[in-house]
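Data file: model-v5.tsv. Format and content: TSV, C-alpha atoms.
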chain	number	residue	atom	x	y	z
A	7	MET	CA	-52.83	51.21	12.86
A	8	ALA	CA	-52.52	48.14	10.67
A	9	GLY	CA	-55.38	46.56	12.58
A	10	THR	CA	-57.77	49.38	11.67
A	11	LEU	CA	-56.94	48.80	8.00
A	12	ARG	CA	-57.14	45.01	8.10
A	13	LYS	CA	-60.06	44.53	10.46
A	14	ILE	CA	-62.16	47.71	10.34
A	15	GLY	CA	-61.85	49.83	7.20
A	16	GLY	CA	-65.32	51.29	7.73
A	17	ASN	CA	-65.84	55.06	7.64
A	18	PRO	CA	-66.38	56.24	11.26
A	19	GLY	CA	-69.62	58.11	11.87
A	20	ARG	CA	-70.97	57.43	8.39
A	21	SER	CA	-73.11	54.37	8.96
A	22	GLY	CA	-74.65	52.05	11.51
A	23	HIS	CA	-72.91	48.85	10.46
A	24	ASN	CA	-70.40	47.18	12.73
A	25	LEU	CA	-67.22	48.26	10.90
A	26	SER	CA	-68.22	51.92	11.00
A	27	LEU	CA	-69.17	51.67	14.67
A	28	CYS	CA	-65.86	49.98	15.55
A	29	GLY	CA	-63.96	52.79	13.85
A	30	GLY	CA	-66.01	55.34	15.75
A	31	ARG	CA	-65.13	53.68	19.05
A	32	VAL	CA	-61.41	53.90	18.28
A	33	ILE	CA	-61.74	57.62	17.64
A	34	GLN	CA	-63.86	58.15	20.74
A	35	ASN	CA	-61.35	56.30	22.92
A	36	CYS	CA	-58.59	58.61	21.72
A	37	ARG	CA	-60.80	61.67	22.18
A	38	GLU	CA	-61.56	60.70	25.77
A	39	LEU	CA	-57.91	60.02	26.58
A	40	LEU	CA	-56.81	63.40	25.26
A	41	ALA	CA	-59.70	65.22	26.95
A	42	GLU	CA	-58.77	63.76	30.32
A	43	ASN	CA	-55.09	64.65	30.05
A	44	PHE	CA	-55.53	68.11	28.53
A	45	CYS	CA	-58.45	69.00	30.85
A	46	ALA	CA	-60.89	69.67	28.03
A	47	PRO	CA	-64.45	70.49	29.20
A	48	THR	CA	-65.79	67.46	27.29
A	49	PRO	CA	-64.30	64.84	24.95
A	50	GLU	CA	-66.09	66.65	22.11
A	51	ASN	CA	-63.83	69.66	22.74
A	52	ILE	CA	-60.96	67.57	21.34
A	53	ILE	CA	-60.80	68.33	17.63
A	54	PHE	CA	-58.72	66.09	15.34
A	55	THR	CA	-56.79	67.80	12.55
A	56	SER	CA	-54.26	66.71	9.96
A	57	ASN	CA	-51.39	68.47	11.79
A	58	CYS	CA	-50.61	71.27	14.24
A	59	THR	CA	-50.65	73.85	11.43
A	60	GLU	CA	-54.28	73.09	10.63
A	61	ALA	CA	-55.15	73.31	14.33
A	62	LEU	CA	-53.49	76.73	14.60
A	63	ASN	CA	-55.11	77.98	11.40
A	64	THR	CA	-58.52	76.88	12.63
A	65	ALA	CA	-58.14	78.64	15.97
A	66	ILE	CA	-56.60	81.85	14.62
A	67	LYS	CA	-58.73	82.44	11.54
A	68	GLY	CA	-61.84	81.28	13.31
A	69	MET	CA	-61.48	83.73	16.21
A	70	LEU	CA	-60.61	86.93	14.33
A	71	TYR	CA	-62.66	89.59	12.59
A	72	GLU	CA	-61.72	92.66	10.60
A	73	GLY	CA	-60.24	95.36	12.80
A	74	ASP	CA	-59.00	92.98	15.50
A	75	GLU	CA	-55.51	93.09	17.00
A	76	VAL	CA	-53.44	90.01	17.85
A	77	ILE	CA	-50.48	89.62	20.19
A	78	CYS	CA	-47.81	86.99	19.55
A	79	SER	CA	-44.22	86.37	20.62
A	80	HIS	CA	-40.97	86.81	18.69
A	81	GLY	CA	-40.52	83.05	18.57
A	82	GLU	CA	-43.59	81.88	16.70
A	83	HIS	CA	-43.40	79.21	14.00
A	84	ASN	CA	-44.54	80.13	10.50
A	85	ALA	CA	-47.68	78.11	11.19
A	86	VAL	CA	-48.63	81.15	13.26
A	87	MET	CA	-46.65	84.00	11.68
A	88	ARG	CA	-47.74	83.36	8.09
A	89	VAL	CA	-51.36	83.26	9.13
A	90	LEU	CA	-51.10	86.50	11.10
A	91	LYS	CA	-48.93	88.35	8.59
A	92	GLY	CA	-51.15	87.25	5.72
A	93	LEU	CA	-54.20	88.69	7.47
A	94	GLU	CA	-52.26	91.84	8.31
A	95	GLU	CA	-51.13	92.33	4.71
A	96	ARG	CA	-54.78	92.25	3.65
A	97	LYS	CA	-55.45	95.03	6.20
A	98	THR	CA	-57.74	92.70	8.14
A	99	ILE	CA	-55.94	92.72	11.48
A	100	LYS	CA	-52.99	94.31	13.26
A	101	VAL	CA	-50.24	92.15	14.79
A	102	ARG	CA	-48.22	93.15	17.84
A	103	VAL	CA	-45.04	91.06	18.22
A	104	LEU	CA	-43.64	90.90	21.75
A	105	GLN	CA	-39.89	91.15	22.24
A	106	PRO	CA	-38.30	89.06	25.02
A	107	ASN	CA	-35.92	89.88	27.82
A	108	SER	CA	-32.26	88.81	27.84
A	109	LEU	CA	-33.23	85.23	28.73
A	110	GLY	CA	-35.48	84.99	25.70
A	111	LEU	CA	-38.61	85.14	27.86
A	112	ILE	CA	-41.77	87.17	27.39
A	113	THR	CA	-42.64	89.07	30.55
A	114	PRO	CA	-46.14	89.75	31.91
A	115	GLU	CA	-45.30	93.46	31.88
A	116	SER	CA	-44.51	93.52	28.16
A	117	LEU	CA	-47.62	91.48	27.44
A	118	CYS	CA	-49.93	93.81	29.35
A	119	ALA	CA	-48.33	96.86	27.69
A	120	ALA	CA	-49.32	95.47	24.26
A	121	ILE	CA	-53.00	94.97	25.10
A	122	THR	CA	-55.48	97.45	23.64
A	123	PRO	CA	-59.29	97.52	23.52
A	124	LYS	CA	-59.03	95.88	20.08
A	125	THR	CA	-56.94	92.90	21.25
A	126	ALA	CA	-58.95	89.82	20.32
A	127	LEU	CA	-56.40	87.01	20.69
A	128	CYS	CA	-52.97	86.20	22.09
A	129	VAL	CA	-50.95	83.40	20.46
A	130	LEU	CA	-47.84	82.09	22.21
A	131	CYS	CA	-45.59	79.12	21.58
A	132	HIS	CA	-44.96	77.17	24.77
A	133	ALA	CA	-41.38	76.33	23.78
A	134	SER	CA	-39.28	77.51	20.85
A	135	ASN	CA	-38.53	74.97	18.14
A	136	VAL	CA	-35.17	76.73	17.65
A	137	THR	CA	-33.78	77.51	21.11
A	138	GLY	CA	-35.95	75.16	23.15
A	139	VAL	CA	-36.62	77.99	25.63
A	140	ILE	CA	-39.88	77.48	27.53
A	141	GLN	CA	-42.11	80.51	27.98
A	142	PRO	CA	-43.75	81.16	31.39
A	143	ILE	CA	-47.23	80.54	30.03
A	144	PRO	CA	-49.05	80.27	33.40
A	145	GLU	CA	-47.74	83.71	34.45
A	146	LEU	CA	-48.58	85.21	31.07
A	147	SER	CA	-52.04	83.69	31.18
A	148	ALA	CA	-52.66	85.15	34.62
A	149	ALA	CA	-51.71	88.58	33.29
A	150	LEU	CA	-54.19	88.21	30.42
A	151	LYS	CA	-57.17	87.10	32.49
A	152	PRO	CA	-58.29	90.56	33.72
A	153	TYR	CA	-58.50	91.74	30.11
A	154	GLY	CA	-60.60	88.81	28.89
A	155	VAL	CA	-58.24	88.11	25.95
A	156	PRO	CA	-58.31	84.44	24.85
A	157	LEU	CA	-54.95	82.64	24.88
A	158	LEU	CA	-54.02	80.12	22.20
A	159	VAL	CA	-50.90	78.08	23.04
A	160	ASP	CA	-48.80	76.33	20.40
A	161	ALA	CA	-47.70	73.24	22.34
A	162	ALA	CA	-45.91	71.59	19.42
A	163	GLN	CA	-42.68	71.10	21.38
A	164	THR	CA	-44.15	70.26	24.78
A	165	ALA	CA	-47.37	68.22	24.49
A	166	GLY	CA	-46.75	64.73	25.82
A	167	ILE	CA	-43.45	65.77	27.42
A	168	MET	CA	-44.34	68.53	29.88
A	169	ASP	CA	-47.42	69.10	32.01
A	170	VAL	CA	-49.54	70.63	29.26
A	171	SER	CA	-53.26	71.18	29.77
A	172	LEU	CA	-55.79	73.98	29.68
A	173	ASN	CA	-55.72	74.04	33.48
A	174	SER	CA	-51.97	73.85	34.09
A	175	LEU	CA	-51.16	76.53	31.50
A	176	GLY	CA	-54.25	78.67	32.00
A	177	ALA	CA	-54.86	78.53	28.26
A	178	ASP	CA	-58.13	78.81	26.37
A	179	MET	CA	-57.01	76.71	23.39
A	180	LEU	CA	-54.13	74.31	22.74
A	181	ALA	CA	-52.74	73.24	19.36
A	182	MET	CA	-50.32	70.36	18.88
A	183	PRO	CA	-49.09	67.74	16.40
A	184	GLY	CA	-49.56	64.06	17.02
A	185	HIS	CA	-46.16	62.95	15.76
A	186	LYS	CA	-43.85	64.61	18.31
A	187	GLY	CA	-44.18	64.25	22.08
A	188	LEU	CA	-47.46	62.36	21.78
A	189	LEU	CA	-45.58	59.63	19.85
A	190	GLY	CA	-48.26	59.29	17.19
A	191	PRO	CA	-47.87	59.06	13.41
A	192	HIS	CA	-47.36	61.85	10.91
A	193	GLY	CA	-50.49	63.55	9.58
A	194	THR	CA	-52.24	63.88	12.92
A	195	GLY	CA	-52.92	66.95	15.02
A	196	VAL	CA	-55.16	68.15	17.84
A	197	LEU	CA	-56.94	71.36	18.73
A	198	VAL	CA	-58.20	71.52	22.31
A	199	LEU	CA	-61.03	74.01	22.80
A	200	GLY	CA	-61.61	75.41	26.26
A	201	LYS	CA	-64.94	76.53	27.65
A	202	GLY	CA	-66.57	79.20	25.52
A	203	MET	CA	-64.13	78.81	22.61
A	204	PHE	CA	-66.13	78.46	19.42
A	205	PRO	CA	-64.02	79.54	16.41
A	206	ARG	CA	-65.49	79.46	12.94
A	207	PRO	CA	-64.54	76.22	11.13
A	208	LEU	CA	-61.69	76.32	8.64
A	209	ILE	CA	-63.17	73.56	6.46
A	210	VAL	CA	-66.83	72.65	5.99
A	211	GLY	CA	-68.51	69.69	4.35
A	212	GLY	CA	-69.88	66.27	5.14
A	213	THR	CA	-69.91	65.24	8.78
A	214	GLY	CA	-72.32	62.30	8.77
A	215	SER	CA	-74.68	64.35	10.94
A	216	GLN	CA	-77.57	66.66	10.03
A	217	SER	CA	-77.22	65.60	6.41
A	218	GLU	CA	-80.58	67.19	5.60
A	219	SER	CA	-79.01	70.64	6.15
A	220	MET	CA	-76.65	72.44	3.79
A	221	ILE	CA	-75.38	74.50	6.73
A	222	GLN	CA	-72.40	73.26	8.75
A	223	PRO	CA	-73.51	71.67	12.07
A	224	ALA	CA	-72.89	73.77	15.16
A	225	GLN	CA	-72.30	70.94	17.64
A	226	LEU	CA	-68.84	69.71	18.60
A	227	PRO	CA	-66.82	68.02	17.25
A	228	ASP	CA	-68.71	67.82	13.93
A	229	ARG	CA	-68.39	71.58	13.43
A	230	TYR	CA	-64.65	71.12	12.77
A	231	GLU	CA	-64.28	67.54	11.51
A	232	SER	CA	-65.65	67.55	7.98
A	233	GLY	CA	-64.74	64.69	5.66
A	234	THR	CA	-63.41	61.22	6.33
A	235	MET	CA	-61.41	60.92	9.55
A	236	ASN	CA	-57.85	59.58	9.58
A	237	LEU	CA	-58.80	56.39	11.43
A	238	PRO	CA	-55.37	54.64	11.19
A	239	GLY	CA	-53.60	57.83	12.26
A	240	ILE	CA	-55.89	58.44	15.22
A	241	ALA	CA	-55.51	54.79	16.27
A	242	GLY	CA	-51.74	55.27	16.27
A	243	LEU	CA	-52.10	58.55	18.14
A	244	PHE	CA	-54.23	56.84	20.77
A	245	VAL	CA	-51.59	54.20	21.52
A	246	GLY	CA	-48.68	56.65	21.36
A	247	ALA	CA	-50.36	59.23	23.58
A	248	ARG	CA	-51.39	56.57	26.10
A	249	PHE	CA	-47.75	55.54	26.47
A	250	ALA	CA	-46.53	59.16	26.61
A	251	PHE	CA	-49.02	60.16	29.32
A	252	LYS	CA	-48.23	57.09	31.41
A	253	HIS	CA	-44.49	57.84	31.38
A	254	ARG	CA	-44.59	61.62	30.96
A	255	GLU	CA	-42.53	62.64	33.99
A	256	ALA	CA	-39.83	60.07	33.25
A	257	ILE	CA	-39.74	61.15	29.59
A	258	GLU	CA	-39.38	64.82	30.55
A	259	GLU	CA	-36.56	64.08	32.98
A	260	TYR	CA	-34.72	61.77	30.58
A	261	GLU	CA	-34.90	64.10	27.59
A	262	ASP	CA	-33.81	67.04	29.76
A	263	GLU	CA	-30.75	65.11	30.94
A	264	LEU	CA	-29.79	64.16	27.39
A	265	ALA	CA	-30.23	67.71	26.11
A	266	GLN	CA	-28.18	69.19	28.95
A	267	ARG	CA	-25.43	66.65	28.29
A	268	LEU	CA	-25.37	67.55	24.59
A	269	ARG	CA	-25.34	71.30	25.28
A	270	GLU	CA	-22.43	70.92	27.70
A	271	GLN	CA	-20.37	68.93	25.22
A	272	LEU	CA	-21.12	71.16	22.24
A	273	GLY	CA	-20.41	74.21	24.41
A	274	ASN	CA	-16.86	72.96	24.95
A	275	ILE	CA	-16.13	72.87	21.21
A	276	ARG	CA	-14.37	75.88	19.73
A	277	ASN	CA	-16.20	77.84	17.03
A	278	ILE	CA	-19.63	76.64	18.19
A	279	ARG	CA	-22.34	79.05	19.33
A	280	LEU	CA	-25.20	77.47	21.25
A	281	LEU	CA	-28.57	79.14	20.81
A	282	GLY	CA	-30.76	79.84	23.83
A	283	HIS	CA	-29.67	81.50	27.07
A	284	PRO	CA	-27.93	78.96	29.34
A	285	SER	CA	-30.04	80.01	32.34
A	286	ALA	CA	-33.40	79.55	30.62
A	287	LYS	CA	-35.33	76.29	31.06
A	288	LYS	CA	-35.56	74.39	27.80
A	289	VAL	CA	-37.02	71.32	26.12
A	290	GLY	CA	-34.89	68.75	24.30
A	291	VAL	CA	-34.06	70.98	21.32
A	292	VAL	CA	-30.37	71.85	20.91
A	293	SER	CA	-29.49	74.34	18.18
A	294	PHE	CA	-26.01	75.60	17.41
A	295	VAL	CA	-24.12	77.61	14.82
A	296	PRO	CA	-20.60	76.68	13.65
A	297	SER	CA	-18.59	79.81	12.87
A	298	THR	CA	-16.17	78.10	10.48
A	299	MET	CA	-18.59	76.02	8.43
A	300	ASP	CA	-21.98	76.41	6.81
A	301	PRO	CA	-24.67	74.75	9.00
A	302	GLY	CA	-26.15	73.00	5.98
A	303	GLU	CA	-22.82	71.52	5.02
A	304	LEU	CA	-22.19	70.35	8.57
A	305	CYS	CA	-25.60	68.68	8.77
A	306	ASP	CA	-25.00	66.99	5.40
A	307	ARG	CA	-21.69	65.64	6.68
A	308	LEU	CA	-23.40	64.42	9.84
A	309	ALA	CA	-26.17	62.78	7.81
A	310	SER	CA	-23.59	60.77	5.89
A	311	LYS	CA	-22.45	59.40	9.25
A	312	GLY	CA	-25.94	58.48	10.41
A	313	TYR	CA	-27.00	61.55	12.40
A	314	ALA	CA	-30.35	63.19	11.62
A	315	LEU	CA	-30.13	66.93	12.29
A	316	ARG	CA	-31.91	69.79	10.56
A	317	ALA	CA	-30.15	72.85	9.18
A	318	GLY	CA	-31.65	76.19	8.18
A	319	LEU	CA	-34.23	78.51	9.70
A	320	HIS	CA	-36.62	75.82	10.99
A	321	CYS	CA	-39.71	77.65	9.69
A	322	ALA	CA	-39.15	80.31	12.37
A	323	PRO	CA	-37.46	83.33	10.73
A	324	SER	CA	-38.68	85.75	13.39
A	325	ILE	CA	-36.64	84.21	16.19
A	326	HIS	CA	-33.63	83.74	13.92
A	327	GLN	CA	-33.79	87.45	13.18
A	328	TRP	CA	-33.81	88.17	16.91
A	329	LEU	CA	-30.87	85.78	17.41
A	330	GLY	CA	-28.91	87.32	14.54
A	331	THR	CA	-28.82	84.02	12.64
A	332	LEU	CA	-31.23	84.87	9.83
A	333	GLN	CA	-28.44	84.73	7.24
A	334	SER	CA	-26.52	81.73	8.55
A	335	GLY	CA	-29.29	79.54	9.93
A	336	ALA	CA	-28.37	76.89	12.48
A	337	CYS	CA	-27.98	73.17	13.09
A	338	ARG	CA	-30.67	71.62	15.26
A	339	ALA	CA	-30.51	68.33	17.14
A	340	SER	CA	-33.59	67.01	18.93
A	341	VAL	CA	-33.19	64.32	21.57
A	342	GLY	CA	-35.90	61.74	22.19
A	343	ILE	CA	-36.71	58.79	24.40
A	344	TYR	CA	-34.96	56.33	22.09
A	345	ASN	CA	-31.67	58.23	22.18
A	346	THR	CA	-28.93	57.31	24.63
A	347	GLU	CA	-26.02	59.02	26.36
A	348	GLU	CA	-23.77	57.20	23.90
A	349	ASP	CA	-25.69	58.78	21.00
A	350	VAL	CA	-25.19	62.23	22.49
A	351	ASP	CA	-21.48	61.70	23.17
A	352	SER	CA	-20.91	60.30	19.70
A	353	LEU	CA	-22.67	63.24	18.02
A	354	ALA	CA	-20.62	65.81	19.92
A	355	MET	CA	-17.36	64.04	19.10
A	356	THR	CA	-18.32	63.76	15.44
A	357	VAL	CA	-19.15	67.46	15.23
A	358	GLN	CA	-15.78	68.30	16.76
A	359	ARG	CA	-13.97	65.98	14.35
A	360	ILE	CA	-15.69	67.41	11.28
A	361	LEU	CA	-14.95	70.99	12.29
A	362	LYS	CA	-11.29	70.14	12.86
A	363	GLU	CA	-11.03	68.50	9.44
A	364	HIS	CA	-12.76	71.36	7.67
In structure tokens, write the structure found in this file.
Amino acid sequence: MAGTLRKIGGNPGRSGHNLSLCGGRVIQNCRELLAENFCAPTPENIIFTSNCTEALNTAIKGMLYEGDEVICSHGEHNAVMRVLKGLEERKTIKVRVLQPNSLGLITPESLCAAITPKTALCVLCHASNVTGVIQPIPELSAALKPYGVPLLVDAAQTAGIMDVSLNSLGADMLAMPGHKGLLGPHGTGVLVLGKGMFPRPLIVGGTGSQSESMIQPAQLPDRYESGTMNLPGIAGLFVGARFAFKHREAIEEYEDELAQRLREQLGNIRNIRLLGHPSAKKVGVVSFVPSTMDPGELCDRLASKGYALRAGLHCAPSIHQWLGTLQSGACRASVGIYNTEEDVDSLAMTVQRILKEH
């Protein structure tokens, strides 16, 4: 990232001089890497955004028209729910929210029952950012196929960690941040467009192409990438994603082991409720609710001892309502590749000590 600032600095795609061309090659290298691993039809079907929220907004708003219906799950992040509910409040669309079974999973049967002739899009998070529960996206996608309803998957918690691609999930579009499992910097995101997916752009403006026209270009990726690209961020995303893809299976296994270890230890502490059914497969997100202490206070106490947890509703009030934790919120720990078993053990012991002292 520092190298792009020190040695390049040119605006990619805006000129023919060497600095601009070098910047363009960095972006193209990242585009090709992501296209290969997410099974995009072409590298140009990889759209760079400023975060996952922008990617989701682009896909959702760009695919819907007045009178459409949308299906989503109970566990969607506000990056999805606020978009859908905002459109619904303006009487533009109708939203059908699927309720899960006892494991917290959406079933193909419930999905098919929600489809109507007006269903224009289905949006599902691959894994909850609160419980960590992984939805059976391939099975849900297979159920959707006969109806011709496009599937947009929010892969914020799984991209770079699990086998996530258009082909493996059966998705039509994928949205993800760069700063989580892809190990890139903040302020980066990706929208992967499958074959035939051509949403209207969220932002229009200068693209460096077809400058003689005051109409937004139709070709990919220029249709969606108006304005100056985040060259340092995309350079960082390229290196981070390259590492993540190379070691993906080992990362998934390691984070799963750490998360299971933490859940087991927290589950043995009195007055702790773990969120997420124990039988459901999960990513490395471990959320819990202390019954004798406010989650915010507990996380503040942990922060003073060097632990970085998040308290509250995690921008996902819908699933907290389903869990019955809308009023209390929860504490959330997220394990990563740089954590160790000692970190996990120490956190669990510290939580137990704080609750005893309270």
**OP:** Tell me, in Å to one decimal, how far CA of Thr137 in chain A is from CA of Ala309 in chain A.
**Re:**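 It comes out at 21.3 Å.
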With only C-alpha atoms counted and 9 Å as the cut-off, give the residues of range 53-74 of chain A in contact with range 183-194 of chain A, each with its shortest interatomic distance in Å and the pair that gives it, as JSON lines.
{"residue": "A:Phe54", "atom": "CA", "partner": "A:Thr194", "partner_atom": "CA", "distance": 7.3}
{"residue": "A:Thr55", "atom": "CA", "partner": "A:Thr194", "partner_atom": "CA", "distance": 6.0}
{"residue": "A:Ser56", "atom": "CA", "partner": "A:Thr194", "partner_atom": "CA", "distance": 4.6}
{"residue": "A:Asn57", "atom": "CA", "partner": "A:Thr194", "partner_atom": "CA", "distance": 4.8}
{"residue": "A:Cys58", "atom": "CA", "partner": "A:Pro183", "partner_atom": "CA", "distance": 4.4}
{"residue": "A:Thr59", "atom": "CA", "partner": "A:Pro183", "partner_atom": "CA", "distance": 8.0}
{"residue": "A:Ala61", "atom": "CA", "partner": "A:Pro183", "partner_atom": "CA", "distance": 8.5}
**OP:** Kindly give the distance, in Å, that separates CA of Gly110 in chain A and CA of Gly273 in chain A, rounded to a single decimal.
**Re:**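 Distance reported for this atom pair: 18.6 Å.
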Original post:
If you count all atoms listed in the file, which residues fall within 12 Å of Ala177 in chain A, apart from same-chain ones fewer than 6 positions away, as a ChimeraX atom specification?
Top reply: /A:44-46,127-132,142-151,154-161,170-171,198-201,203
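With CA of Ala241 in chain A on one side and CA of Ile52 in chain A on the other, the separation reads 14.8 Å.
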**OP:** Using only C-alpha atoms, determine which residues lie at most 7 Å from Asn277 in chain A, disregarding the query and same-chain residues fewer than 4 positions distant; provide the list as a list in words.
**Re:**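 Those residues are Pro296, Ser297 and Thr298 of chain A.
For Val289 in chain A, the residues within 9 Å (counting all atoms listed in the file, excluding itself and residues fewer than 4 positions away along the chain) are Ala133, Ser134, Asn135, Thr137, Gly138, Val139, Ile140, Gln163, Thr164, Ile167, Met168, Glu258, Glu261, Asp262 and Ala265 of chain A.
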Original post:
Within 8 Å of Gly73 in chain A, counting only C-alpha atoms, which residues qualify if same-chain residues fewer than 5 places away don't, as number ranges by chain?
Top reply: A: 98-100, 124
I need the residues from that last selection saved to file as an mmCIF file, keeping the file's coordinate frame (with C-alpha atoms), if you can.
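Writing done, so here's selection_5.cif:
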data_model
loop_
_atom_site.group_PDB
_atom_site.id
_atom_site.type_symbol
_atom_site.label_atom_id
_atom_site.label_comp_id
_atom_site.auth_asym_id
_atom_site.auth_seq_id
_atom_site.Cartn_x
_atom_site.Cartn_y
_atom_site.Cartn_z
ATOM 1 C CA THR A 98 -57.740 92.700 8.140
ATOM 2 C CA ILE A 99 -55.940 92.720 11.480
ATOM 3 C CA LYS A 100 -52.990 94.310 13.260
ATOM 4 C CA LYS A 124 -59.030 95.880 20.080
#
Would you compute an axis-aligned box for range 33-37 of chain A, covering every atom listed for it in the file with 8 Å of margin on each side, and report centre and edge lengths in Å to one decimal as AutoDock Vina command-line options?
--center_x -61.2 --center_y 59.0 --center_z 20.3 --size_x 21.3 --size_y 21.4 --size_z 21.3
Using only C-alpha atoms and a cutoff of 10 Å, can you tell me which residues are near (-52.6, 57.9, 19.6) in the file's coordinates, and write them out as a PDB file with C-alpha atoms, in the coordinates of the input?
ATOM      1  CA  MET A   7     -52.830  51.210  12.860  1.00  0.00           C
ATOM      2  CA  VAL A  32     -61.410  53.900  18.280  1.00  0.00           C
ATOM      3  CA  ILE A  33     -61.740  57.620  17.640  1.00  0.00           C
ATOM      4  CA  ASN A  35     -61.350  56.300  22.920  1.00  0.00           C
ATOM      5  CA  CYS A  36     -58.590  58.610  21.720  1.00  0.00           C
ATOM      6  CA  ARG A  37     -60.800  61.670  22.180  1.00  0.00           C
ATOM      7  CA  LEU A  39     -57.910  60.020  26.580  1.00  0.00           C
ATOM      8  CA  LEU A  40     -56.810  63.400  25.260  1.00  0.00           C
ATOM      9  CA  GLY A 184     -49.560  64.060  17.020  1.00  0.00           C
ATOM     10  CA  HIS A 185     -46.160  62.950  15.760  1.00  0.00           C
ATOM     11  CA  LEU A 188     -47.460  62.360  21.780  1.00  0.00           C
ATOM     12  CA  LEU A 189     -45.580  59.630  19.850  1.00  0.00           C
ATOM     13  CA  GLY A 190     -48.260  59.290  17.190  1.00  0.00           C
ATOM     14  CA  PRO A 191     -47.870  59.060  13.410  1.00  0.00           C
ATOM     15  CA  THR A 194     -52.240  63.880  12.920  1.00  0.00           C
ATOM     16  CA  PRO A 238     -55.370  54.640  11.190  1.00  0.00           C
ATOM     17  CA  GLY A 239     -53.600  57.830  12.260  1.00  0.00           C
ATOM     18  CA  ILE A 240     -55.890  58.440  15.220  1.00  0.00           C
ATOM     19  CA  ALA A 241     -55.510  54.790  16.270  1.00  0.00           C
ATOM     20  CA  GLY A 242     -51.740  55.270  16.270  1.00  0.00           C
ATOM     21  CA  LEU A 243     -52.100  58.550  18.140  1.00  0.00           C
ATOM     22  CA  PHE A 244     -54.230  56.840  20.770  1.00  0.00           C
ATOM     23  CA  VAL A 245     -51.590  54.200  21.520  1.00  0.00           C
ATOM     24  CA  GLY A 246     -48.680  56.650  21.360  1.00  0.00           C
ATOM     25  CA  ALA A 247     -50.360  59.230  23.580  1.00  0.00           C
ATOM     26  CA  ARG A 248     -51.390  56.570  26.100  1.00  0.00           C
ATOM     27  CA  PHE A 249     -47.750  55.540  26.470  1.00  0.00           C
ATOM     28  CA  ALA A 250     -46.530  59.160  26.610  1.00  0.00           C
TER      29      ALA A 250
END
Original post:
Counting only C-alpha atoms, what is within 12 Å of Leu208 in chain A, bar same-chain residues fewer than 2 positions away, as a list in words?
Top reply: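 Listing them by chain and then by number gives Thr55, Thr59, Glu60, Ala61, Leu62, Asn63, Thr64, Ala65, Ile66, Lys67, Gly68, Met69, Phe204, Pro205, Arg206, Val210, Gly211, Gln222, Arg229, Tyr230, Glu231 and Ser232 of chain A.
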**OP:** Find the residue from A:Gln266, A:Gln225, A:Gln271, A:Ser26 that sits nearest to Thr10 in chain A; use all atoms listed in the file when measuring.
**Re:** A:Ser26
Subject >> Pick from A:Gly195, A:Gly15, A:Gly330, A:Gly166, whichever lies nearest to Gly342 in chain A using all atoms listed in the file >> reply: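 Of A:Gly195, A:Gly15, A:Gly330, A:Gly166, the one nearest Gly342 in chain A is A:Gly166, counting all atoms listed in the file.
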Subject >> Nearest residue to His320 in chain A from the set A:Asp300, A:Val291, A:Thr213, A:Gly202 (distances using all atoms listed in the file) >> reply: A:Val291
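Compared by their closest atoms to Ala181 in chain A, and using all atoms listed in the file, the residues A:Ala41, A:Leu90, A:Leu197, A:Val76 rank with A:Leu197 nearest.
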Original post:
For Ser174 in chain A, which residue out of A:Asn43, A:Gly318, A:Glu363, A:Asp306 is the nearest one, using all atoms listed in the file?
Top reply: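 Closest candidate: A:Asn43.
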